[in-house]
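Below is the file upload-v9.tsv, which contains TSV, C-alpha atoms.
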chain	number	residue	atom	x	y	z
A	1	MET	CA	106.56	104.52	118.72
A	2	LYS	CA	108.98	106.00	116.24
A	3	LEU	CA	108.43	105.16	112.57
A	4	SER	CA	110.73	105.83	109.67
A	5	VAL	CA	109.01	106.66	106.37
A	6	LEU	CA	110.66	106.52	102.92
A	7	LEU	CA	109.65	109.18	100.40
A	8	PHE	CA	109.64	109.07	96.60
A	9	GLY	CA	108.68	111.31	93.68
A	10	ILE	CA	106.49	114.25	94.53
A	11	ALA	CA	106.20	113.11	98.18
A	12	ARG	CA	109.96	113.63	98.53
A	13	ASP	CA	109.66	117.10	96.97
A	14	ILE	CA	106.79	118.05	99.31
A	15	VAL	CA	108.68	117.01	102.45
A	16	GLY	CA	112.13	118.00	101.18
A	17	ASP	CA	113.81	114.79	102.33
A	18	ARG	CA	114.17	111.13	101.28
A	19	GLN	CA	113.12	109.85	104.69
A	20	ILE	CA	111.32	111.21	107.77
A	21	SER	CA	110.90	110.06	111.32
A	22	VAL	CA	107.39	110.14	112.77
A	23	GLU	CA	106.33	109.74	116.41
A	24	LEU	CA	102.92	108.04	116.74
A	25	PRO	CA	101.02	106.13	119.45
A	26	ASP	CA	101.81	102.38	119.63
A	27	ASN	CA	99.59	100.19	117.42
A	28	GLU	CA	98.69	103.08	115.13
A	29	ASN	CA	97.46	101.94	111.72
A	30	VAL	CA	98.06	103.08	108.13
A	31	ALA	CA	95.05	105.43	108.16
A	32	GLY	CA	96.40	107.10	111.32
A	33	LEU	CA	99.81	107.63	109.74
A	34	LEU	CA	98.24	109.17	106.62
A	35	ASN	CA	96.03	111.49	108.71
A	36	TYR	CA	99.06	112.66	110.65
A	37	LEU	CA	101.14	113.28	107.51
A	38	LYS	CA	98.32	115.09	105.68
A	39	LYS	CA	97.98	117.50	108.62
A	40	GLU	CA	101.73	117.99	108.88
A	41	TYR	CA	102.16	118.45	105.09
A	42	PRO	CA	98.86	119.81	103.68
A	43	SER	CA	100.13	119.54	100.07
A	44	PHE	CA	99.57	115.77	100.33
A	45	ASN	CA	95.83	116.52	100.19
A	46	ASN	CA	96.23	117.87	96.64
A	47	LEU	CA	97.58	114.60	95.22
A	48	ARG	CA	95.47	112.30	93.05
A	49	SER	CA	96.18	109.50	95.56
A	50	LEU	CA	98.55	108.68	98.40
A	51	LEU	CA	99.14	105.06	99.42
A	52	VAL	CA	101.36	103.41	102.00
A	53	ALA	CA	103.61	100.41	101.45
A	54	VAL	CA	104.75	98.25	104.36
A	55	ASN	CA	107.69	95.88	103.83
A	56	ASP	CA	107.56	96.23	100.03
A	57	ALA	CA	103.82	95.64	99.57
A	58	TYR	CA	100.76	97.90	99.43
A	59	ALA	CA	99.13	98.15	102.87
A	60	LYS	CA	95.44	98.53	103.79
A	61	SER	CA	94.11	101.44	105.91
A	62	GLU	CA	93.49	99.17	108.89
A	63	ASP	CA	96.94	97.50	108.88
A	64	VAL	CA	98.75	98.14	112.17
A	65	LEU	CA	102.29	99.54	111.99
A	66	GLN	CA	105.36	98.42	113.95
A	67	GLU	CA	108.63	100.20	114.64
A	68	ASP	CA	110.72	97.78	112.58
A	69	ASP	CA	108.47	97.94	109.48
A	70	GLU	CA	109.89	99.42	106.30
A	71	ILE	CA	107.28	102.06	105.52
A	72	ALA	CA	107.06	104.07	102.30
A	73	LEU	CA	104.67	106.69	100.96
A	74	ILE	CA	103.51	105.91	97.41
A	75	PRO	CA	102.25	108.97	95.51
A	76	PRO	CA	100.52	108.38	92.12
A	77	VAL	CA	102.77	106.08	90.09
A	78	SER	CA	103.74	106.90	86.50
A	79	GLY	CA	106.13	104.22	85.26
A	80	GLY	CA	106.29	102.71	81.81
B	1	MET	CA	111.58	83.01	91.58
B	2	ALA	CA	109.87	81.41	88.64
B	3	ASP	CA	112.25	80.92	85.74
B	4	TYR	CA	109.73	81.93	83.05
B	5	GLN	CA	110.11	85.57	84.11
B	6	GLU	CA	113.04	87.96	84.14
B	7	ILE	CA	112.52	91.39	85.74
B	8	HIS	CA	115.19	94.04	85.75
B	9	ILE	CA	115.63	97.72	86.69
B	10	THR	CA	118.68	99.52	85.34
B	11	GLU	CA	120.22	102.96	84.80
B	12	ASN	CA	121.75	101.76	81.54
B	13	GLN	CA	120.22	102.01	78.07
B	14	LEU	CA	117.74	99.23	77.39
B	15	GLU	CA	118.56	96.72	74.66
B	16	VAL	CA	115.55	95.42	72.74
B	17	GLU	CA	117.61	92.66	71.07
B	18	LYS	CA	118.70	91.34	74.45
B	19	VAL	CA	115.12	91.28	75.77
B	20	TYR	CA	113.99	89.55	72.56
B	21	ALA	CA	116.71	86.90	72.93
B	22	GLN	CA	115.69	86.24	76.55
B	23	ALA	CA	112.06	85.76	75.49
B	24	GLN	CA	112.88	82.84	73.20
B	25	ALA	CA	111.68	79.46	74.38
B	26	GLU	CA	111.17	75.99	72.95
B	27	ASN	CA	107.43	76.17	72.44
B	28	THR	CA	107.33	79.80	71.27
B	29	GLY	CA	105.31	80.68	68.17
B	30	ALA	CA	105.04	84.42	68.88
B	31	VAL	CA	107.08	87.04	70.71
B	32	ASN	CA	105.27	90.30	71.41
B	33	ILE	CA	107.50	93.23	72.32
B	34	PHE	CA	106.34	96.55	73.74
B	35	VAL	CA	108.73	99.49	73.98
B	36	GLY	CA	107.67	102.58	75.94
B	37	THR	CA	109.66	105.63	74.84
B	38	VAL	CA	110.07	109.25	75.92
B	39	ARG	CA	107.73	111.58	74.01
B	40	ASN	CA	108.86	115.04	72.92
B	41	LYS	CA	105.66	116.88	73.88
B	42	THR	CA	103.01	116.83	76.58
B	43	LYS	CA	99.99	119.09	76.01
B	44	ALA	CA	101.98	121.25	73.58
B	45	ARG	CA	104.84	121.81	76.04
B	46	ASN	CA	108.26	120.74	74.78
B	47	VAL	CA	109.85	117.99	76.89
B	48	VAL	CA	113.62	118.35	77.36
B	49	ASN	CA	114.13	115.06	79.22
B	50	LEU	CA	112.59	112.74	81.78
B	51	GLU	CA	113.71	111.61	85.20
B	52	TYR	CA	112.60	108.15	86.31
B	53	GLU	CA	112.77	107.07	89.93
B	54	ALA	CA	111.86	103.67	91.44
B	55	TYR	CA	111.28	102.21	94.88
B	56	GLU	CA	113.40	99.42	93.54
B	57	GLU	CA	112.81	96.43	95.85
B	58	MET	CA	109.05	96.94	95.80
B	59	ALA	CA	108.95	97.76	92.08
B	60	ILE	CA	110.65	94.42	91.31
B	61	LYS	CA	108.17	92.58	93.54
B	62	GLU	CA	105.17	94.34	91.99
B	63	MET	CA	106.42	93.59	88.45
B	64	ARG	CA	106.82	89.93	89.45
B	65	LYS	CA	103.20	89.93	90.66
B	66	VAL	CA	102.04	91.43	87.34
B	67	ALA	CA	103.98	88.74	85.45
B	68	GLU	CA	102.52	86.01	87.68
B	69	LYS	CA	99.00	87.31	87.05
B	70	ALA	CA	99.61	87.36	83.28
B	71	ALA	CA	101.00	83.82	83.43
B	72	SER	CA	97.84	82.68	85.22
B	73	LYS	CA	95.62	84.19	82.50
B	74	TRP	CA	97.54	83.26	79.31
B	75	PRO	CA	99.79	80.31	78.37
B	76	VAL	CA	103.07	82.29	78.42
B	77	GLU	CA	106.47	80.77	77.82
B	78	LYS	CA	108.53	83.79	78.97
B	79	ILE	CA	107.87	87.25	80.35
B	80	ILE	CA	110.79	89.69	80.28
B	81	ILE	CA	110.44	93.20	81.72
B	82	HIS	CA	113.32	95.69	81.71
B	83	HIS	CA	112.60	99.15	83.16
B	84	ARG	CA	115.02	102.03	83.08
B	85	VAL	CA	115.54	104.65	85.79
B	86	GLY	CA	117.55	107.88	85.91
B	87	ASN	CA	117.78	110.57	83.24
B	88	LEU	CA	116.29	109.76	79.84
B	89	ASN	CA	116.36	111.78	76.65
B	90	VAL	CA	113.52	112.15	74.16
B	91	GLY	CA	113.22	109.00	72.03
B	92	GLU	CA	114.95	106.67	74.50
B	93	ALA	CA	113.27	103.49	75.75
B	94	ALA	CA	111.94	103.62	79.33
B	95	VAL	CA	110.52	100.11	79.38
B	96	VAL	CA	110.82	97.01	77.23
B	97	ILE	CA	108.43	94.10	77.72
B	98	ALA	CA	108.58	90.85	75.79
B	99	VAL	CA	106.05	88.04	76.09
B	100	SER	CA	106.40	84.74	74.28
B	101	THR	CA	103.51	82.33	73.80
B	102	PRO	CA	102.75	79.40	71.49
B	103	HIS	CA	100.17	81.46	69.53
B	104	ARG	CA	100.08	85.17	68.65
B	105	HIS	CA	96.72	86.25	70.12
B	106	ASP	CA	97.81	85.39	73.65
B	107	SER	CA	101.10	87.26	73.26
B	108	PHE	CA	99.31	90.50	72.27
B	109	GLU	CA	96.80	90.26	75.11
B	110	ALA	CA	99.32	89.31	77.78
B	111	CYS	CA	101.75	92.06	76.73
B	112	ARG	CA	99.02	94.70	76.79
B	113	TYR	CA	97.82	93.49	80.18
B	114	ILE	CA	101.36	93.73	81.56
B	115	ILE	CA	102.07	97.31	80.44
B	116	ASP	CA	98.60	98.54	81.46
B	117	THR	CA	98.86	96.95	84.92
B	118	LEU	CA	102.48	98.03	85.41
B	119	LYS	CA	101.48	101.65	84.83
B	120	LYS	CA	98.84	101.41	87.58
B	121	SER	CA	100.61	99.46	90.30
B	122	VAL	CA	104.41	99.51	90.06
B	123	PRO	CA	106.10	102.16	92.26
B	124	ILE	CA	108.03	104.02	89.58
B	125	TRP	CA	107.67	107.76	89.03
B	126	LYS	CA	108.61	110.06	86.19
B	127	LYS	CA	109.20	113.78	86.19
B	128	GLU	CA	108.94	115.64	82.91
B	129	ILE	CA	111.48	118.41	82.51
B	130	PHE	CA	110.08	121.07	80.18
B	131	GLU	CA	111.78	124.08	78.64
B	132	ASP	CA	109.77	126.17	81.10
B	133	GLY	CA	109.50	124.04	84.27
B	134	GLU	CA	109.08	120.50	85.55
B	135	GLU	CA	106.25	118.26	86.72
B	136	TRP	CA	105.75	114.81	88.30
B	137	VAL	CA	103.51	112.97	85.85
B	138	SER	CA	99.92	112.19	87.04
B	139	ALA	CA	100.62	113.47	90.57
B	140	HIS	CA	97.66	115.86	90.65
B	141	PRO	CA	94.03	115.35	89.59

Please render this file's structure as structure tokens.
Amino acid sequence: MKLSVLLFGIARDIVGDRQISVELPDNENVAGLLNYLKKEYPSFNNLRSLLVAVNDAYAKSEDVLQEDDEIALIPPVSGG
Amino acid sequence: MADYQEIHITENQLEVEKVYAQAQAENTGAVNIFVGTVRNKTKARNVVNLEYEAYEEMAIKEMRKVAEKAASKWPVEKIIIHHRVGNLNVGEAAVVIAVSTPHRHDSFEACRYIIDTLKKSVPIWKKEIFEDGEEWVSAHP
């Protein structure tokens, strides 16, 4: 399946784009996506944390992803 | 959406008076206002300005959740959160939070809870632009 991933903050700087397309096996979960991205972009391993949001809410490692999900990488937040 | 809360993200300058006015309610005995502003130094490096970026739809939802949680813990009348994004200069307000309650103790506690939780969970990022470089805040251990 083909997933589209939104990028913000330092994650956008690391990848060099606001959005990337990722090809993964069907029924892959959040942990699988993170493993793939950390191999593809090793700088992600240096971050304090890296979370995934699915459809505007924080997702758990075991949550399964679908092609029509809105997926975003959430590097350490620093609002306020 | 519950009408006791008003959550807003904007590129425009924040107006404390406006937030204060929105926090007024019939049974209010205290309005606690927190203003987060841009500091001029981080670890002795001079900050030139700050860039704030939000994953806006999710940031609004997460701020609503924080407000809901605060409303479940304290007897709040109103919770108003205005967060700014874009380019900010030193001294400008990045966030204004107002909490109104019947009695003052609850307003202090609820307001503190909201800013502390917002900083941990809401998908907003800031980059400090120094005289000699730039850095996403808290990105690295």

Compare B:Ala44, B:Met58, B:Ala21, B:Val66 by their minimum atom-to-atom distance to Ala53 (chain A), counting all atoms listed in the file, and give me the closest one. B:Met58

Using only C-alpha atoms, which residues sit within 12 Å of Asp13 (chain A) once same-chain residues fewer than 5 positions away are excluded, as an MDAnalysis selection string? (chainID A and resid 7:8 18:19 41 43:44 75) or (chainID B and resid 127 134:136 139)

Calculate how many Å separate CA of Thr28 (chain B) from CA of Leu14 (chain B), rounding to one decimal. 22.9 Å

For Ser21 (chain A): contacts at 7 Å, all atoms listed in the file, fewer than 3 positions along chain excluded, given as a list in words: Lys2, Leu3, Ser4 and Val5 of chain A

Could you please select, counting all atoms listed in the file, the residues of chain B within 8 Å of chain A and state them as JSON, numbers by chain? {"B": [36, 52, 53, 54, 55, 57, 58, 61, 62, 83, 94, 95, 115, 118, 119, 120, 121, 122, 123, 124, 125, 126, 127, 136, 137, 138, 139, 140, 141]}

Please write as a PyMOL selection string the list of polymer residues whose atoms come within 12 Å of (93.1, 93.9, 110.0), counting all atoms listed in the file and keeping to the coordinates of the file. chain A and resi 27-31+59-65

So which one's closest to Ile129 (chain B), B:Val31, B:Val16, B:Val48, B:Ala98? Using all atoms listed in the file, please. B:Val48

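The space separating CA of Val99 (chain B) from CA of Ala30 (chain B) comes to 8.1 Å.
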
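Taking CA of Leu24 (chain A) and CA of Leu51 (chain A) as the two end points, the separation is 18.0 Å.
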
Env of Asn12 (chain B): 9 Å cut, atoms = all atoms listed in the file, seq-sep filter 5 positions within chain, self excluded. Answer as number ranges by chain. B: 84-86

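Distance annotation: of B:Arg39, B:Ile80, B:Arg104, B:Gly29, the residue with the minimal separation from Glu68 (chain B) is B:Ile80; atom set is all atoms listed in the file.
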
Box for region 37-54 of chain B: with edges along x, y and z, all listed atoms inside and 5 Å added on each side, what are the centre and edge lengths in Å to one decimal, as AutoDock Vina command-line options?
--center_x 107.1 --center_y 112.7 --center_z 82.2 --size_x 24.1 --size_y 28.1 --size_z 28.5
